[in-house]
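This report concerns only the one structure given below.
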Amino acid sequence: MDCHIHPSILSADFANFERDLQRISSADAVHVDVMDNHFVPNLSWGPAVVKRLREVSPLPFDVHLMIEDADRWAPEYAQMGCESVTFHAEAAQAPIRLARSLRAEGAQTGMALRPATAVEPYLDMLSELDMLLIMTVEPGFGGQAFLEVTLPKIRRAAEAIAGSGAQLRLQVDGGITEETIVRAAEAGADTFVAGSSVFGAEDLSAAISALREKARTV
Ligand code: DX5
Ligand code: ZN
């Protein structure tokens with residue numbers, strides 16, 4: 001399987017982002033969690049920090065916006081050159097208009113669903129997206145346990161994507177380890193965010209390779 005591993009810098013050393021970005025240079029992209037303390041009960045960083053991090057990153061940026069008012073803020077991340085910008089379906093007033101404006105700015109467009117949000121209402125807009133993100137924990141914090149209850153939704157989303165003929169990646173985020181990545185891959189995910197399981201390892205590039213190998217065996 002053509003699987004992508006995106007380490008989340010939410011688990012990096014916040015005093016050493018540049019060093020940690022270099023340490024994950026064998027990954028496919030870096031996952032950057034933007035949180036506003038409204039959509040989720042946690043606060044991370046905003047456009048100014050992301051802009052500077054891009055300048056020292058060897059990897060493409062996969063920005064995950066856990067913010068209210070995604071319609072207002074998401075285009076700014078595309079305009080600064082982030083390769084992929086993902087907004088939450090629950091936070092967008094006009095998801096189709098927003099997806100189109102992100103693509104018009106040249107970014108890959110992702111839409112995320114919280115664990116309890118059904119995928120079915122969004123199936124007709126798959127062609128507007130380059131990535132669908134199914135959260136496998138409640139968004140807001142790293143280090144939580146993978147929610148097995150999301151597996152049937154991953155499976156249904158994968159089937160719908162295959163049936164739609166649209167070219168989009170199916171990403172999972174939260175609690176991804178060498179064990180859970182196998183179940184998520186079996187269900188049909190092809191892009192895996194991993195925060196604590198990568199940054200908690202002694203050898204980050206070995207951790208990335210191990211995750212990739214596990215997903216590939218599926
Ligand atoms: C959680 C974030 C995740 C988080 C994942 O709300 O969206 O990207 O960093 O961390 P782990 O892999 O530790 O669950
Ligand atoms: Zn994330």
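Chain labels follow the order of the structure tokens: the first chain is A, the next B, and so on; residue numbering restarts at 1 in every chain, and ligands are counted from 1 in their shown order.
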Any chance you could tabulate, as JSON lines, the residues of chain A at most 10 Å from ligand 1 with each one's nearest atom pair and distance in Å to one decimal, using only C-alpha atoms and all ligand atoms, in chain and rising number order?
```
{"residue": "A:His6", "atom": "CA", "partner": "ligand 1", "partner_atom_place_in_ligand_line": "8 (O)", "distance": 9.1}
{"residue": "A:Pro7", "atom": "CA", "partner": "ligand 1", "partner_atom_place_in_ligand_line": "12 (O)", "distance": 7.7}
{"residue": "A:Ser8", "atom": "CA", "partner": "ligand 1", "partner_atom_place_in_ligand_line": "9 (O)", "distance": 4.9}
{"residue": "A:Ile9", "atom": "CA", "partner": "ligand 1", "partner_atom_place_in_ligand_line": "9 (O)", "distance": 6.7}
{"residue": "A:Leu10", "atom": "CA", "partner": "ligand 1", "partner_atom_place_in_ligand_line": "9 (O)", "distance": 4.8}
{"residue": "A:Ser11", "atom": "CA", "partner": "ligand 1", "partner_atom_place_in_ligand_line": "9 (O)", "distance": 6.2}
{"residue": "A:Ala12", "atom": "CA", "partner": "ligand 1", "partner_atom_place_in_ligand_line": "9 (O)", "distance": 9.3}
{"residue": "A:His31", "atom": "CA", "partner": "ligand 1", "partner_atom_place_in_ligand_line": "8 (O)", "distance": 6.7}
{"residue": "A:Val32", "atom": "CA", "partner": "ligand 1", "partner_atom_place_in_ligand_line": "8 (O)", "distance": 7.3}
{"residue": "A:Asp33", "atom": "CA", "partner": "ligand 1", "partner_atom_place_in_ligand_line": "7 (O)", "distance": 5.7}
{"residue": "A:Val34", "atom": "CA", "partner": "ligand 1", "partner_atom_place_in_ligand_line": "7 (O)", "distance": 8.4}
{"residue": "A:Met35", "atom": "CA", "partner": "ligand 1", "partner_atom_place_in_ligand_line": "6 (O)", "distance": 8.4}
{"residue": "A:Val40", "atom": "CA", "partner": "ligand 1", "partner_atom_place_in_ligand_line": "6 (O)", "distance": 8.0}
{"residue": "A:Pro41", "atom": "CA", "partner": "ligand 1", "partner_atom_place_in_ligand_line": "6 (O)", "distance": 9.8}
{"residue": "A:Asn42", "atom": "CA", "partner": "ligand 1", "partner_atom_place_in_ligand_line": "6 (O)", "distance": 8.9}
{"residue": "A:Val63", "atom": "CA", "partner": "ligand 1", "partner_atom_place_in_ligand_line": "8 (O)", "distance": 9.5}
{"residue": "A:His64", "atom": "CA", "partner": "ligand 1", "partner_atom_place_in_ligand_line": "7 (O)", "distance": 6.8}
{"residue": "A:Leu65", "atom": "CA", "partner": "ligand 1", "partner_atom_place_in_ligand_line": "7 (O)", "distance": 8.4}
{"residue": "A:Met66", "atom": "CA", "partner": "ligand 1", "partner_atom_place_in_ligand_line": "7 (O)", "distance": 7.5}
{"residue": "A:Ala112", "atom": "CA", "partner": "ligand 1", "partner_atom_place_in_ligand_line": "7 (O)", "distance": 9.8}
{"residue": "A:Arg114", "atom": "CA", "partner": "ligand 1", "partner_atom_place_in_ligand_line": "6 (O)", "distance": 9.5}
{"residue": "A:Leu133", "atom": "CA", "partner": "ligand 1", "partner_atom_place_in_ligand_line": "7 (O)", "distance": 9.9}
{"residue": "A:Met135", "atom": "CA", "partner": "ligand 1", "partner_atom_place_in_ligand_line": "7 (O)", "distance": 7.5}
{"residue": "A:Thr136", "atom": "CA", "partner": "ligand 1", "partner_atom_place_in_ligand_line": "14 (O)", "distance": 8.3}
{"residue": "A:Val137", "atom": "CA", "partner": "ligand 1", "partner_atom_place_in_ligand_line": "1 (C)", "distance": 6.9}
{"residue": "A:Glu138", "atom": "CA", "partner": "ligand 1", "partner_atom_place_in_ligand_line": "6 (O)", "distance": 6.4}
{"residue": "A:Pro139", "atom": "CA", "partner": "ligand 1", "partner_atom_place_in_ligand_line": "6 (O)", "distance": 3.3}
{"residue": "A:Gly140", "atom": "CA", "partner": "ligand 1", "partner_atom_place_in_ligand_line": "6 (O)", "distance": 3.6}
{"residue": "A:Phe141", "atom": "CA", "partner": "ligand 1", "partner_atom_place_in_ligand_line": "1 (C)", "distance": 4.5}
{"residue": "A:Gly142", "atom": "CA", "partner": "ligand 1", "partner_atom_place_in_ligand_line": "10 (O)", "distance": 3.4}
{"residue": "A:Gly143", "atom": "CA", "partner": "ligand 1", "partner_atom_place_in_ligand_line": "13 (O)", "distance": 3.6}
{"residue": "A:Gln144", "atom": "CA", "partner": "ligand 1", "partner_atom_place_in_ligand_line": "14 (O)", "distance": 5.1}
{"residue": "A:Ala145", "atom": "CA", "partner": "ligand 1", "partner_atom_place_in_ligand_line": "14 (O)", "distance": 6.9}
{"residue": "A:Phe146", "atom": "CA", "partner": "ligand 1", "partner_atom_place_in_ligand_line": "14 (O)", "distance": 7.3}
{"residue": "A:Val172", "atom": "CA", "partner": "ligand 1", "partner_atom_place_in_ligand_line": "8 (O)", "distance": 9.0}
{"residue": "A:Asp173", "atom": "CA", "partner": "ligand 1", "partner_atom_place_in_ligand_line": "8 (O)", "distance": 5.5}
{"residue": "A:Gly174", "atom": "CA", "partner": "ligand 1", "partner_atom_place_in_ligand_line": "14 (O)", "distance": 3.5}
{"residue": "A:Gly175", "atom": "CA", "partner": "ligand 1", "partner_atom_place_in_ligand_line": "14 (O)", "distance": 3.8}
{"residue": "A:Ile176", "atom": "CA", "partner": "ligand 1", "partner_atom_place_in_ligand_line": "12 (O)", "distance": 5.3}
{"residue": "A:Thr177", "atom": "CA", "partner": "ligand 1", "partner_atom_place_in_ligand_line": "12 (O)", "distance": 7.6}
{"residue": "A:Phe192", "atom": "CA", "partner": "ligand 1", "partner_atom_place_in_ligand_line": "12 (O)", "distance": 9.0}
{"residue": "A:Val193", "atom": "CA", "partner": "ligand 1", "partner_atom_place_in_ligand_line": "8 (O)", "distance": 6.1}
{"residue": "A:Ala194", "atom": "CA", "partner": "ligand 1", "partner_atom_place_in_ligand_line": "12 (O)", "distance": 3.8}
{"residue": "A:Gly195", "atom": "CA", "partner": "ligand 1", "partner_atom_place_in_ligand_line": "12 (O)", "distance": 3.5}
{"residue": "A:Ser196", "atom": "CA", "partner": "ligand 1", "partner_atom_place_in_ligand_line": "13 (O)", "distance": 3.7}
{"residue": "A:Ser197", "atom": "CA", "partner": "ligand 1", "partner_atom_place_in_ligand_line": "12 (O)", "distance": 6.0}
{"residue": "A:Val198", "atom": "CA", "partner": "ligand 1", "partner_atom_place_in_ligand_line": "12 (O)", "distance": 7.8}
{"residue": "A:Phe199", "atom": "CA", "partner": "ligand 1", "partner_atom_place_in_ligand_line": "13 (O)", "distance": 8.6}
{"residue": "A:Gly200", "atom": "CA", "partner": "ligand 1", "partner_atom_place_in_ligand_line": "13 (O)", "distance": 8.9}
```
Shell around Ser26 of chain A at 10 Å using only C-alpha atoms, local window under 6 positions removed, as a PyMOL selection string: chain A and resi 5-6+58-59+204-206+208-209
Can I get the selection written as a PDB file, in the first residue's frame, with all heavy atoms?
```pdb
ATOM      1  N   ILE A   5       3.307   8.627   6.174  1.00  0.00           N
ATOM      2  CA  ILE A   5       3.425   8.840   7.625  1.00  0.00           C
ATOM      3  C   ILE A   5       3.684  10.329   7.873  1.00  0.00           C
ATOM      4  O   ILE A   5       4.632  10.905   7.327  1.00  0.00           O
ATOM      5  CB  ILE A   5       4.599   8.009   8.224  1.00  0.00           C
ATOM      6  CG1 ILE A   5       4.483   6.513   7.844  1.00  0.00           C
ATOM      7  CG2 ILE A   5       4.671   8.212   9.734  1.00  0.00           C
ATOM      8  CD1 ILE A   5       3.329   5.763   8.454  1.00  0.00           C
ATOM      9  N   HIS A   6       2.819  10.927   8.701  1.00  0.00           N
ATOM     10  CA  HIS A   6       2.927  12.358   9.013  1.00  0.00           C
ATOM     11  C   HIS A   6       3.106  12.529  10.533  1.00  0.00           C
ATOM     12  O   HIS A   6       2.115  12.543  11.271  1.00  0.00           O
ATOM     13  CB  HIS A   6       1.653  13.100   8.587  1.00  0.00           C
ATOM     14  CG  HIS A   6       1.398  13.119   7.111  1.00  0.00           C
ATOM     15  ND1 HIS A   6       0.419  13.903   6.540  1.00  0.00           N
ATOM     16  CD2 HIS A   6       2.008  12.470   6.089  1.00  0.00           C
ATOM     17  CE1 HIS A   6       0.433  13.726   5.214  1.00  0.00           C
ATOM     18  NE2 HIS A   6       1.374  12.864   4.930  1.00  0.00           N
ATOM     19  N   PRO A  58      12.234  20.709   6.347  1.00  0.00           N
ATOM     20  CA  PRO A  58      12.594  19.982   5.133  1.00  0.00           C
ATOM     21  C   PRO A  58      11.392  19.267   4.505  1.00  0.00           C
ATOM     22  O   PRO A  58      11.515  18.668   3.451  1.00  0.00           O
ATOM     23  CB  PRO A  58      13.617  18.947   5.643  1.00  0.00           C
ATOM     24  CG  PRO A  58      13.208  18.690   7.059  1.00  0.00           C
ATOM     25  CD  PRO A  58      12.577  19.968   7.572  1.00  0.00           C
ATOM     26  N   LEU A  59      10.246  19.344   5.158  1.00  0.00           N
ATOM     27  CA  LEU A  59       9.073  18.550   4.753  1.00  0.00           C
ATOM     28  C   LEU A  59       7.893  19.424   4.341  1.00  0.00           C
ATOM     29  O   LEU A  59       7.726  20.542   4.838  1.00  0.00           O
ATOM     30  CB  LEU A  59       8.604  17.697   5.943  1.00  0.00           C
ATOM     31  CG  LEU A  59       9.515  16.559   6.374  1.00  0.00           C
ATOM     32  CD1 LEU A  59       9.054  16.002   7.701  1.00  0.00           C
ATOM     33  CD2 LEU A  59       9.539  15.470   5.308  1.00  0.00           C
ATOM     34  N   LEU A 204      13.821   8.521  15.969  1.00  0.00           N
ATOM     35  CA  LEU A 204      12.582   8.965  15.312  1.00  0.00           C
ATOM     36  C   LEU A 204      12.455   8.389  13.910  1.00  0.00           C
ATOM     37  O   LEU A 204      11.369   7.980  13.490  1.00  0.00           O
ATOM     38  CB  LEU A 204      12.521  10.500  15.268  1.00  0.00           C
ATOM     39  CG  LEU A 204      11.967  11.176  16.527  1.00  0.00           C
ATOM     40  CD1 LEU A 204      12.758  10.842  17.761  1.00  0.00           C
ATOM     41  CD2 LEU A 204      11.857  12.674  16.338  1.00  0.00           C
ATOM     42  N   SER A 205      13.584   8.326  13.202  1.00  0.00           N
ATOM     43  CA  SER A 205      13.458   7.825  11.834  1.00  0.00           C
ATOM     44  C   SER A 205      13.189   6.321  11.826  1.00  0.00           C
ATOM     45  O   SER A 205      12.469   5.815  10.953  1.00  0.00           O
ATOM     46  CB  SER A 205      14.641   8.316  11.012  1.00  0.00           C
ATOM     47  OG  SER A 205      15.477   7.338  10.687  1.00  0.00           O
ATOM     48  N   ALA A 206      13.697   5.601  12.824  1.00  0.00           N
ATOM     49  CA  ALA A 206      13.370   4.160  12.940  1.00  0.00           C
ATOM     50  C   ALA A 206      11.889   3.987  13.275  1.00  0.00           C
ATOM     51  O   ALA A 206      11.226   3.068  12.771  1.00  0.00           O
ATOM     52  CB  ALA A 206      14.237   3.508  14.013  1.00  0.00           C
ATOM     53  N   ILE A 208       9.458   5.993  12.394  1.00  0.00           N
ATOM     54  CA  ILE A 208       8.704   6.285  11.165  1.00  0.00           C
ATOM     55  C   ILE A 208       8.751   5.069  10.235  1.00  0.00           C
ATOM     56  O   ILE A 208       7.726   4.640   9.693  1.00  0.00           O
ATOM     57  CB  ILE A 208       9.286   7.553  10.480  1.00  0.00           C
ATOM     58  CG1 ILE A 208       8.990   8.788  11.336  1.00  0.00           C
ATOM     59  CG2 ILE A 208       8.743   7.722   9.057  1.00  0.00           C
ATOM     60  CD1 ILE A 208       9.807  10.024  10.970  1.00  0.00           C
ATOM     61  N   SER A 209       9.944   4.477  10.078  1.00  0.00           N
ATOM     62  CA  SER A 209      10.076   3.291   9.212  1.00  0.00           C
ATOM     63  C   SER A 209       9.248   2.127   9.734  1.00  0.00           C
ATOM     64  O   SER A 209       8.619   1.400   8.955  1.00  0.00           O
ATOM     65  CB  SER A 209      11.522   2.812   9.139  1.00  0.00           C
ATOM     66  OG  SER A 209      12.338   3.825   8.698  1.00  0.00           O
TER      67      SER A 209
END
```
Just asking: which residues within segment 32-144 of chain A are alpha helix (DSSP H) according to DSSP, as a ChimeraX atom specification? /A:47-55,70-79,95-104
Expected file contents, prior selection, N, CA, C and O atoms, as a short mmCIF file (atom, residue, chain, number, x, y, z; two decimals), in the first residue's frame:
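This went into out_35.cif:
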```
data_model
loop_
_atom_site.label_atom_id
_atom_site.label_comp_id
_atom_site.auth_asym_id
_atom_site.auth_seq_id
_atom_site.Cartn_x
_atom_site.Cartn_y
_atom_site.Cartn_z
N PRO A 47 -0.91 31.48 12.61
CA PRO A 47 -0.25 31.65 11.31
C PRO A 47 1.20 32.15 11.40
O PRO A 47 2.04 31.68 10.62
N ALA A 48 1.51 33.04 12.32
CA ALA A 48 2.88 33.60 12.36
C ALA A 48 3.90 32.51 12.67
O ALA A 48 4.98 32.46 12.08
N VAL A 49 3.55 31.64 13.61
CA VAL A 49 4.48 30.56 13.99
C VAL A 49 4.59 29.54 12.85
O VAL A 49 5.69 29.10 12.49
N VAL A 50 3.45 29.19 12.25
CA VAL A 50 3.47 28.21 11.16
C VAL A 50 4.32 28.72 10.00
O VAL A 50 5.10 27.99 9.39
N LYS A 51 4.18 30.01 9.71
CA LYS A 51 4.93 30.62 8.61
C LYS A 51 6.44 30.47 8.85
O LYS A 51 7.20 30.10 7.95
N ARG A 52 6.87 30.73 10.05
CA ARG A 52 8.30 30.63 10.37
C ARG A 52 8.77 29.18 10.38
O ARG A 52 9.87 28.86 9.90
N LEU A 53 7.94 28.28 10.88
CA LEU A 53 8.32 26.86 10.89
C LEU A 53 8.53 26.33 9.47
O LEU A 53 9.44 25.55 9.22
N ARG A 54 7.71 26.80 8.56
CA ARG A 54 7.86 26.36 7.16
C ARG A 54 9.25 26.70 6.62
O ARG A 54 9.80 25.96 5.82
N GLU A 55 9.76 27.81 7.06
CA GLU A 55 11.07 28.26 6.54
C GLU A 55 12.21 27.35 6.98
O GLU A 55 13.26 27.35 6.36
N ALA A 70 -13.31 28.43 10.65
CA ALA A 70 -12.35 27.92 9.66
C ALA A 70 -12.45 28.71 8.35
O ALA A 70 -11.44 28.96 7.70
N ASP A 71 -13.68 29.13 8.01
CA ASP A 71 -13.87 29.88 6.74
C ASP A 71 -13.00 31.14 6.73
O ASP A 71 -12.48 31.54 5.70
N ARG A 72 -12.84 31.75 7.90
CA ARG A 72 -12.08 33.00 8.00
C ARG A 72 -10.57 32.75 7.95
O ARG A 72 -9.82 33.50 7.33
N TRP A 73 -10.09 31.69 8.64
CA TRP A 73 -8.65 31.54 8.85
C TRP A 73 -7.95 30.56 7.92
O TRP A 73 -6.76 30.70 7.65
N ALA A 74 -8.65 29.55 7.44
CA ALA A 74 -7.96 28.50 6.66
C ALA A 74 -7.24 29.04 5.43
O ALA A 74 -6.10 28.65 5.16
N PRO A 75 -7.86 29.97 4.66
CA PRO A 75 -7.17 30.43 3.44
C PRO A 75 -5.80 31.05 3.71
O PRO A 75 -4.90 30.96 2.88
N GLU A 76 -5.63 31.63 4.90
CA GLU A 76 -4.33 32.25 5.22
C GLU A 76 -3.19 31.22 5.18
O GLU A 76 -2.08 31.51 4.75
N TYR A 77 -3.48 29.99 5.62
CA TYR A 77 -2.46 28.93 5.62
C TYR A 77 -2.14 28.48 4.19
O TYR A 77 -1.00 28.14 3.88
N ALA A 78 -3.14 28.49 3.34
CA ALA A 78 -2.90 28.16 1.93
C ALA A 78 -2.09 29.26 1.27
O ALA A 78 -1.14 29.00 0.53
N GLN A 79 -2.45 30.51 1.58
CA GLN A 79 -1.73 31.65 0.97
C GLN A 79 -0.26 31.67 1.36
O GLN A 79 0.58 32.10 0.57
N PRO A 95 -18.51 24.48 3.72
CA PRO A 95 -17.35 23.63 3.42
C PRO A 95 -16.99 23.54 1.94
O PRO A 95 -15.81 23.46 1.61
N ILE A 96 -17.98 23.57 1.08
CA ILE A 96 -17.65 23.46 -0.36
C ILE A 96 -16.97 24.75 -0.84
O ILE A 96 -15.95 24.71 -1.52
N ARG A 97 -17.52 25.88 -0.42
CA ARG A 97 -16.88 27.15 -0.81
C ARG A 97 -15.46 27.23 -0.25
O ARG A 97 -14.52 27.64 -0.93
N LEU A 98 -15.30 26.79 1.00
CA LEU A 98 -13.98 26.85 1.63
C LEU A 98 -13.00 25.91 0.91
O LEU A 98 -11.86 26.29 0.61
N ALA A 99 -13.45 24.69 0.61
CA ALA A 99 -12.57 23.73 -0.10
C ALA A 99 -12.14 24.32 -1.44
O ALA A 99 -10.97 24.23 -1.82
N ARG A 100 -13.08 24.94 -2.14
CA ARG A 100 -12.72 25.53 -3.45
C ARG A 100 -11.74 26.68 -3.29
O ARG A 100 -10.84 26.85 -4.12
N SER A 101 -11.91 27.47 -2.24
CA SER A 101 -10.99 28.61 -2.10
C SER A 101 -9.59 28.13 -1.72
O SER A 101 -8.60 28.71 -2.15
N LEU A 102 -9.49 27.05 -0.96
CA LEU A 102 -8.16 26.51 -0.63
C LEU A 102 -7.47 25.97 -1.88
O LEU A 102 -6.29 26.21 -2.11
N ARG A 103 -8.24 25.25 -2.71
CA ARG A 103 -7.66 24.74 -3.96
C ARG A 103 -7.25 25.90 -4.87
O ARG A 103 -6.21 25.84 -5.52
N ALA A 104 -8.05 26.94 -4.88
CA ALA A 104 -7.72 28.10 -5.73
C ALA A 104 -6.41 28.75 -5.28
O ALA A 104 -5.70 29.35 -6.09
#
```
Pick out the closest residue to ligand 2 from this set: A:Leu147, A:Ala215, A:Leu21, A:Leu113. Count only C-alpha atoms and all ligand atoms. A:Leu113
Rank A:Arg155, A:Thr191, A:Ala184, A:Asp2 by their smallest atom-to-atom distance to ligand 2, using only C-alpha atoms and all ligand atoms, and report the top residue only. A:Thr191
Pick out each residue of segment 1-31 of chain A that DSSP on the backbone tags as strand (DSSP E); I need them as a VMD selection string. chain A and resid 4 to 7 30 to 31
Tell me, in Å to one decimal, how far atom CA of Pro121 of chain A is from atom CA of Val182 of chain A. 27.2 Å
Out of A:Gln22, A:Val85, A:Val56, A:Met1, which residue has the shortest atom-to-atom distance to ligand 2 when counting only C-alpha atoms and all ligand atoms?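 Nearest to ligand 2: A:Val85.
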